[in-house]
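Coordinates from coords35.cif are shown below (mmCIF, C-alpha atoms).
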```
data_my_file
#
loop_
_atom_site.label_atom_id
_atom_site.label_comp_id
_atom_site.auth_asym_id
_atom_site.auth_seq_id
_atom_site.Cartn_x
_atom_site.Cartn_y
_atom_site.Cartn_z
CA GLY X 9 -13.88 -57.31 22.81
CA ALA X 10 -13.87 -53.83 21.43
CA VAL X 11 -16.33 -53.04 18.67
CA VAL X 12 -15.70 -51.09 15.53
CA SER X 13 -18.73 -50.20 13.49
CA GLN X 14 -18.46 -49.37 9.81
CA HIS X 15 -21.26 -47.93 7.76
CA PRO X 16 -22.62 -48.49 5.19
CA SER X 17 -21.95 -52.19 4.70
CA TRP X 18 -22.59 -51.87 0.99
CA VAL X 19 -23.21 -49.04 -1.43
CA ILE X 20 -23.82 -48.68 -5.14
CA CYS X 21 -23.15 -45.32 -6.72
CA LYS X 22 -22.90 -43.76 -10.14
CA SER X 23 -19.59 -42.80 -11.72
CA GLY X 24 -18.57 -39.31 -10.80
CA THR X 25 -20.35 -39.18 -7.48
CA SER X 26 -18.74 -39.24 -4.04
CA VAL X 27 -19.28 -41.78 -1.32
CA LYS X 28 -18.58 -41.39 2.38
CA ILE X 29 -17.79 -44.37 4.60
CA GLU X 30 -17.85 -44.03 8.38
CA CYS X 31 -15.85 -45.97 10.90
CA ARG X 32 -16.70 -45.69 14.58
CA SER X 33 -15.14 -47.18 17.65
CA LEU X 34 -18.04 -47.94 19.97
CA ASP X 35 -16.46 -48.66 23.32
CA PHE X 36 -12.94 -47.32 23.22
CA GLN X 37 -11.04 -44.28 22.09
CA ALA X 38 -9.36 -44.97 18.79
CA THR X 39 -6.34 -42.78 18.56
CA THR X 40 -5.35 -44.40 15.31
CA MET X 41 -7.50 -45.72 12.50
CA PHE X 42 -6.34 -47.59 9.46
CA TRP X 43 -8.11 -47.79 6.13
CA TYR X 44 -7.66 -50.81 3.87
CA ARG X 45 -8.95 -51.86 0.54
CA GLN X 46 -9.27 -55.43 -0.58
CA PHE X 47 -9.84 -56.79 -4.07
CA PRO X 48 -11.37 -60.24 -4.54
CA LYS X 49 -9.13 -63.07 -3.38
CA GLN X 50 -6.37 -60.69 -2.43
CA SER X 51 -5.00 -59.63 0.90
CA LEU X 52 -5.69 -56.37 2.64
CA MET X 53 -3.92 -53.38 1.16
CA LEU X 54 -3.28 -50.50 3.55
CA MET X 55 -4.41 -47.20 2.09
CA ALA X 56 -3.77 -44.76 4.90
CA THR X 57 -3.21 -44.27 8.60
CA SER X 58 -5.04 -41.55 10.44
CA ASN X 59 -4.35 -40.22 13.89
CA GLU X 60 -7.02 -38.23 15.66
CA GLY X 61 -6.70 -34.53 14.99
CA SER X 62 -3.98 -34.75 12.37
CA LYS X 63 -3.72 -35.35 8.66
CA ALA X 64 -3.76 -38.89 7.39
CA THR X 65 -0.61 -40.56 6.15
CA TYR X 66 -1.21 -42.19 2.80
CA GLU X 67 0.59 -45.19 1.42
CA GLN X 68 2.49 -44.85 -1.80
CA GLY X 69 0.23 -44.92 -4.82
CA VAL X 70 -2.91 -43.89 -2.95
CA GLU X 71 -4.27 -40.55 -4.14
CA LYS X 72 -5.00 -38.39 -1.14
CA ASP X 73 -7.22 -36.04 -3.14
CA LYS X 74 -9.35 -38.94 -4.25
CA PHE X 75 -9.58 -40.76 -0.94
CA LEU X 76 -10.27 -38.11 1.66
CA ILE X 77 -9.80 -39.22 5.23
CA ASN X 78 -11.00 -37.32 8.24
CA HIS X 79 -10.39 -38.36 11.82
CA ALA X 80 -11.93 -35.52 13.72
CA SER X 81 -12.69 -37.33 16.95
CA LEU X 82 -11.45 -40.26 18.98
CA THR X 83 -14.39 -42.37 17.92
CA LEU X 84 -14.97 -41.48 14.29
CA SER X 85 -13.01 -41.58 11.08
CA THR X 86 -14.47 -41.15 7.61
CA LEU X 87 -13.22 -42.11 4.18
CA THR X 88 -14.72 -40.25 1.22
CA VAL X 89 -14.16 -41.65 -2.23
CA THR X 90 -14.48 -38.62 -4.48
CA SER X 91 -15.53 -38.73 -8.12
CA ALA X 92 -15.80 -42.49 -7.94
CA HIS X 93 -15.06 -44.61 -10.99
CA PRO X 94 -15.77 -48.29 -11.65
CA GLU X 95 -12.15 -49.18 -10.85
CA ASP X 96 -12.74 -47.88 -7.32
CA SER X 97 -15.20 -50.71 -6.77
CA SER X 98 -13.74 -52.71 -3.94
CA PHE X 99 -14.13 -53.79 -0.35
CA TYR X 100 -13.04 -51.06 2.04
CA ILE X 101 -12.27 -51.95 5.65
CA CYS X 102 -11.28 -49.81 8.59
CA SER X 103 -9.53 -50.87 11.73
CA ALA X 104 -9.01 -49.00 14.96
CA ARG X 105 -6.45 -49.13 17.68
CA GLY X 106 -6.66 -47.74 21.20
CA ARG X 107 -4.68 -45.10 22.98
CA LEU X 108 -1.72 -47.14 24.12
CA GLY X 109 -1.12 -48.73 20.73
CA ASN X 110 -0.66 -52.12 22.29
CA THR X 111 -4.17 -53.38 21.83
CA GLU X 112 -5.52 -55.52 19.09
CA ALA X 113 -6.48 -53.75 15.92
CA PHE X 114 -10.21 -54.32 15.59
CA PHE X 115 -11.85 -54.28 12.21
CA GLY X 116 -15.10 -52.77 11.08
CA GLN X 117 -17.49 -54.93 9.10
CA GLY X 118 -16.27 -53.53 5.81
CA THR X 119 -18.02 -51.63 3.02
CA ARG X 120 -18.52 -53.12 -0.39
CA LEU X 121 -18.51 -50.28 -2.90
CA THR X 122 -19.79 -50.80 -6.41
CA VAL X 123 -19.48 -47.95 -8.86
CA VAL X 124 -21.63 -48.25 -11.95
CA GLU W 28 11.53 -54.03 5.18
CA ASP W 29 9.05 -55.64 7.55
CA LYS W 30 7.38 -58.73 6.19
CA VAL W 31 5.08 -61.57 7.15
CA VAL W 32 4.99 -64.78 5.16
CA GLN W 33 2.23 -67.33 5.44
CA SER W 34 2.22 -70.88 4.18
CA PRO W 35 0.64 -72.67 2.55
CA LEU W 36 -1.23 -70.12 0.45
CA SER W 37 -4.09 -72.53 0.05
CA LEU W 38 -5.11 -75.84 1.50
CA VAL W 39 -7.93 -78.29 0.89
CA VAL W 40 -8.76 -80.83 3.59
CA HIS W 41 -11.60 -83.15 4.50
CA GLU W 42 -13.86 -82.65 7.47
CA GLY W 43 -12.31 -84.06 10.59
CA ASP W 44 -8.74 -83.45 9.50
CA THR W 45 -6.31 -81.41 11.56
CA VAL W 46 -4.52 -78.53 9.86
CA THR W 47 -1.53 -76.40 10.76
CA LEU W 48 -1.11 -72.97 9.25
CA ASN W 49 2.27 -71.29 9.35
CA CYS W 50 3.32 -67.70 9.74
CA SER W 51 6.86 -66.35 9.81
CA TYR W 52 7.76 -62.75 10.36
CA GLU W 53 10.57 -60.24 10.20
CA VAL W 54 9.41 -57.08 11.90
CA THR W 55 11.35 -54.30 13.54
CA ASN W 56 10.50 -53.83 17.22
CA PHE W 57 8.13 -56.77 17.12
CA ARG W 58 5.50 -56.82 19.83
CA SER W 59 2.70 -59.26 18.99
CA LEU W 60 1.43 -61.63 16.37
CA LEU W 61 -2.26 -61.66 15.52
CA TRP W 62 -4.41 -64.22 13.75
CA TYR W 63 -7.64 -63.38 11.97
CA LYS W 64 -10.28 -65.38 10.13
CA GLN W 65 -11.84 -63.81 7.07
CA GLU W 66 -14.90 -65.23 5.42
CA LYS W 67 -16.98 -63.07 3.14
CA LYS W 68 -16.62 -59.90 5.14
CA ALA W 69 -14.01 -58.20 7.28
CA PRO W 70 -11.47 -60.20 9.30
CA THR W 71 -12.53 -61.38 12.72
CA PHE W 72 -10.01 -61.53 15.48
CA LEU W 73 -8.85 -64.96 16.68
CA PHE W 74 -5.71 -64.62 18.78
CA MET W 75 -3.05 -62.19 19.83
CA LEU W 76 0.25 -63.73 20.89
CA THR W 77 2.85 -61.73 22.71
CA SER W 78 4.79 -64.25 24.77
CA SER W 79 6.79 -67.08 23.32
CA GLY W 80 5.82 -70.68 23.99
CA ILE W 81 2.43 -70.03 25.56
CA GLU W 82 -0.37 -71.72 23.67
CA LYS W 83 -3.66 -69.93 23.31
CA LYS W 84 -6.77 -72.00 22.72
CA SER W 85 -10.29 -71.30 21.66
CA GLY W 86 -12.34 -74.41 21.05
CA ARG W 87 -10.77 -76.37 18.25
CA LEU W 88 -8.34 -73.58 17.41
CA SER W 89 -5.01 -73.06 19.07
CA SER W 90 -1.96 -71.00 18.35
CA ILE W 91 1.55 -70.55 19.63
CA LEU W 92 4.39 -68.12 19.04
CA ASP W 93 8.12 -68.80 18.85
CA LYS W 94 9.94 -65.50 19.17
CA LYS W 95 13.34 -67.09 18.80
CA GLU W 96 12.56 -68.66 15.45
CA LEU W 97 10.20 -65.81 14.47
CA PHE W 98 7.14 -67.85 13.60
CA SER W 99 3.72 -68.82 14.75
CA ILE W 100 1.35 -71.64 13.94
CA LEU W 101 -2.40 -71.86 14.00
CA ASN W 102 -3.83 -75.32 14.53
CA ILE W 103 -7.37 -76.35 13.78
CA THR W 104 -8.44 -79.80 14.92
CA ALA W 105 -11.46 -81.78 13.73
CA THR W 106 -12.05 -79.31 10.94
CA GLN W 107 -15.58 -78.48 9.84
CA THR W 108 -16.89 -76.93 6.64
CA GLY W 109 -17.52 -73.75 8.62
CA ASP W 110 -13.78 -73.41 9.11
CA SER W 111 -13.41 -72.67 5.40
CA ALA W 112 -12.01 -69.16 5.22
CA VAL W 113 -8.87 -67.16 4.64
CA TYR W 114 -6.71 -67.06 7.73
CA LEU W 115 -4.60 -63.95 8.06
CA CYS W 116 -1.56 -63.51 10.21
CA ALA W 117 -0.34 -60.03 11.11
CA ALA W 118 2.58 -58.66 13.08
CA MET W 119 2.32 -55.67 15.35
CA ASN W 120 5.34 -53.66 16.43
CA SER W 121 5.73 -51.62 19.55
CA GLY W 122 4.88 -48.33 17.89
CA ASN W 123 1.45 -47.29 16.72
CA THR W 124 2.11 -48.30 13.14
CA PRO W 125 -0.05 -50.46 10.91
CA LEU W 126 -0.13 -54.20 11.22
CA VAL W 127 2.00 -56.03 8.69
CA PHE W 128 -0.17 -58.67 7.08
CA GLY W 129 0.71 -61.89 5.38
CA LYS W 130 -1.10 -62.82 2.19
CA GLY W 131 -3.27 -65.30 4.03
CA THR W 132 -3.92 -69.01 3.80
CA ARG W 133 -7.12 -70.01 2.02
CA LEU W 134 -8.49 -73.08 3.77
CA SER W 135 -11.20 -75.15 2.16
CA VAL W 136 -12.80 -77.91 4.21
CA ILE W 137 -14.82 -80.36 2.16
CA ALA W 138 -17.40 -82.77 3.49
#
```

Please go through the file and, once you have read it, give me the structure as structure tokens.
Amino acid sequence: GAVVSQHPSWVICKSGTSVKIECRSLDFQATTMFWYRQFPKQSLMLMATSNEGSKATYEQGVEKDKFLINHASLTLSTLTVTSAHPEDSSFYICSARGRLGNTEAFFGQGTRLTVV
Amino acid sequence: EDKVVQSPLSLVVHEGDTVTLNCSYEVTNFRSLLWYKQEKKAPTFLFMLTSSGIEKKSGRLSSILDKKELFSILNITATQTGDSAVYLCAAMNSGNTPLVFGKGTRLSVIA
């Protein structure tokens, strides 16, 4: 099956710093990437949808200036958590879907962010 | 509003038992139903079901979709402790919009 690679798998950062998470589709062109966040023992919460070459669409309640999403190519999307605070500590997961939109959404391995 | 409902929310069984996890959906322009298994990390893909009544199998896991009644089940036979996980069900519509996830079923298999 298609592979989506997410990096880093875990990161610890200080409050106030920014963290960039990368999501790459390794063997297909991901026209759409989705970014989720997941708190312990809860389901996935969609943060934003990004289509290659256009601005991301954020879900209600997600601050677009805090969670910067860039999807500059068909194989790479990045999520930057700016001025991170301890409450941003969470598990962030990306998923990618191919050109026709009728393929499975494949998930990256996830990034566990801890802000201290 | 599109929604996916999974039941039960949690389940504890003994090794060797058979379990059935349920997923019902109400999604506009429904296309497919997906099942994922999530352990400590990101969800891993299990099945995608598009046609009604056709069972998909992978080892001890199987799943089937009923598009008339708008539900799917995931069966696990001869459960093992390694099957302990959260099982997520998600509905995909025909556009390129996000999957609609259920809250998941937390399965615990005890020896």

Checklist entry - Hey, which of X:Cys102, X:Val123, X:Ala92, X:Leu76 ends up closest to Phe42 of chain X? Count all atoms listed in the file. => result X:Cys102

Can you tell me, as a compact mmCIF listing (two decimals) with C-alpha atoms, in the coordinates of the input, which residues sit within 6 Å of (-11.6, -40.2, 4.8) in the file's frame, using only C-alpha atoms?
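Wrote result11.txt, looks like this:
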```txt
# COMPACT_ATOMS: atom_id res chain seq x y z
CA LEU X 76 -10.27 -38.11 1.66
CA ILE X 77 -9.80 -39.22 5.23
CA ASN X 78 -11.00 -37.32 8.24
CA THR X 86 -14.47 -41.15 7.61
CA LEU X 87 -13.22 -42.11 4.18
CA THR X 88 -14.72 -40.25 1.22
```

Checklist entry - Hey, what comes out of the PyMOL selection byres ((chain X and resi 112) around 12) on this file? Could you write it as a ChimeraX atom specification? => result /X:9-12,36,38,40-41,103-111,113-115 /W:58-63,71-77,117-121,123,125-126

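Across the chains present, the PyMOL selection byres ((chain X and resi 20-26) around 10) applied to this file returns Trp18, Val19, Val27, Lys28, Lys74, Phe75, Thr88, Val89, Thr90, Ser91, Ala92, His93, Pro94, Glu95, Asp96, Ser97, Arg120, Leu121, Thr122, Val123 and Val124 of chain X.
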
Quick check on the file I pasted: which residues fall under the PyMOL selection byres ((chain W) within 7 of (chain X))? Write them as an mmCIF file with C-alpha atoms, in the coordinates of the input.
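Ended up saving to part19.cif:
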```
data_model
loop_
_atom_site.group_PDB
_atom_site.id
_atom_site.type_symbol
_atom_site.label_atom_id
_atom_site.label_comp_id
_atom_site.auth_asym_id
_atom_site.auth_seq_id
_atom_site.Cartn_x
_atom_site.Cartn_y
_atom_site.Cartn_z
ATOM 1 C CA LYS W 68 -16.620 -59.900 5.140
ATOM 2 C CA ALA W 69 -14.010 -58.200 7.280
ATOM 3 C CA PRO W 70 -11.470 -60.200 9.300
ATOM 4 C CA SER W 121 5.730 -51.620 19.550
ATOM 5 C CA GLY W 122 4.880 -48.330 17.890
ATOM 6 C CA ASN W 123 1.450 -47.290 16.720
ATOM 7 C CA LYS W 130 -1.100 -62.820 2.190
ATOM 8 C CA GLY W 131 -3.270 -65.300 4.030
#
```

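Remark: for Val40 of chain W, the closest of the candidate residues W:Ser99, W:Gln65, W:Ser78, W:Ser135 is W:Ser135 (distances computed over all atoms listed in the file).
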
Item to check | atom CA of Val136 of chain W to atom CA of Asp110 of chain W, straight-line distance in Å | outcome: 6.7 Å

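The space separating atom CA of Tyr44 of chain X from atom CA of Tyr52 of chain W comes to 20.6 Å.
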
Checklist entry - Just how far from atom CA of Val54 of chain W is atom CA of Lys63 of chain X, in Å to one decimal? => result 25.6 Å

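Excluding Thr47 of chain W and any residue on its chain fewer than 5 positions from it, the residues at most 9 Å away by only C-alpha atoms are Ile100, Leu101, Asn102, Ile103 and Thr104 of chain W.
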
Checklist entry - Which polymer residues, protein or nucleic acid, are no farther than 7 Å from (0.7, -68.1, 5.3), counting only C-alpha atoms, as a ChimeraX atom specification? => result /W:32-36,48-50,129-132

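Comparing the minimum interatomic distances between Lys67 of chain W and each of X:Ile29, X:Met55, X:Gln37, X:Phe47, counting only C-alpha atoms, we find that X:Phe47 sits nearest.
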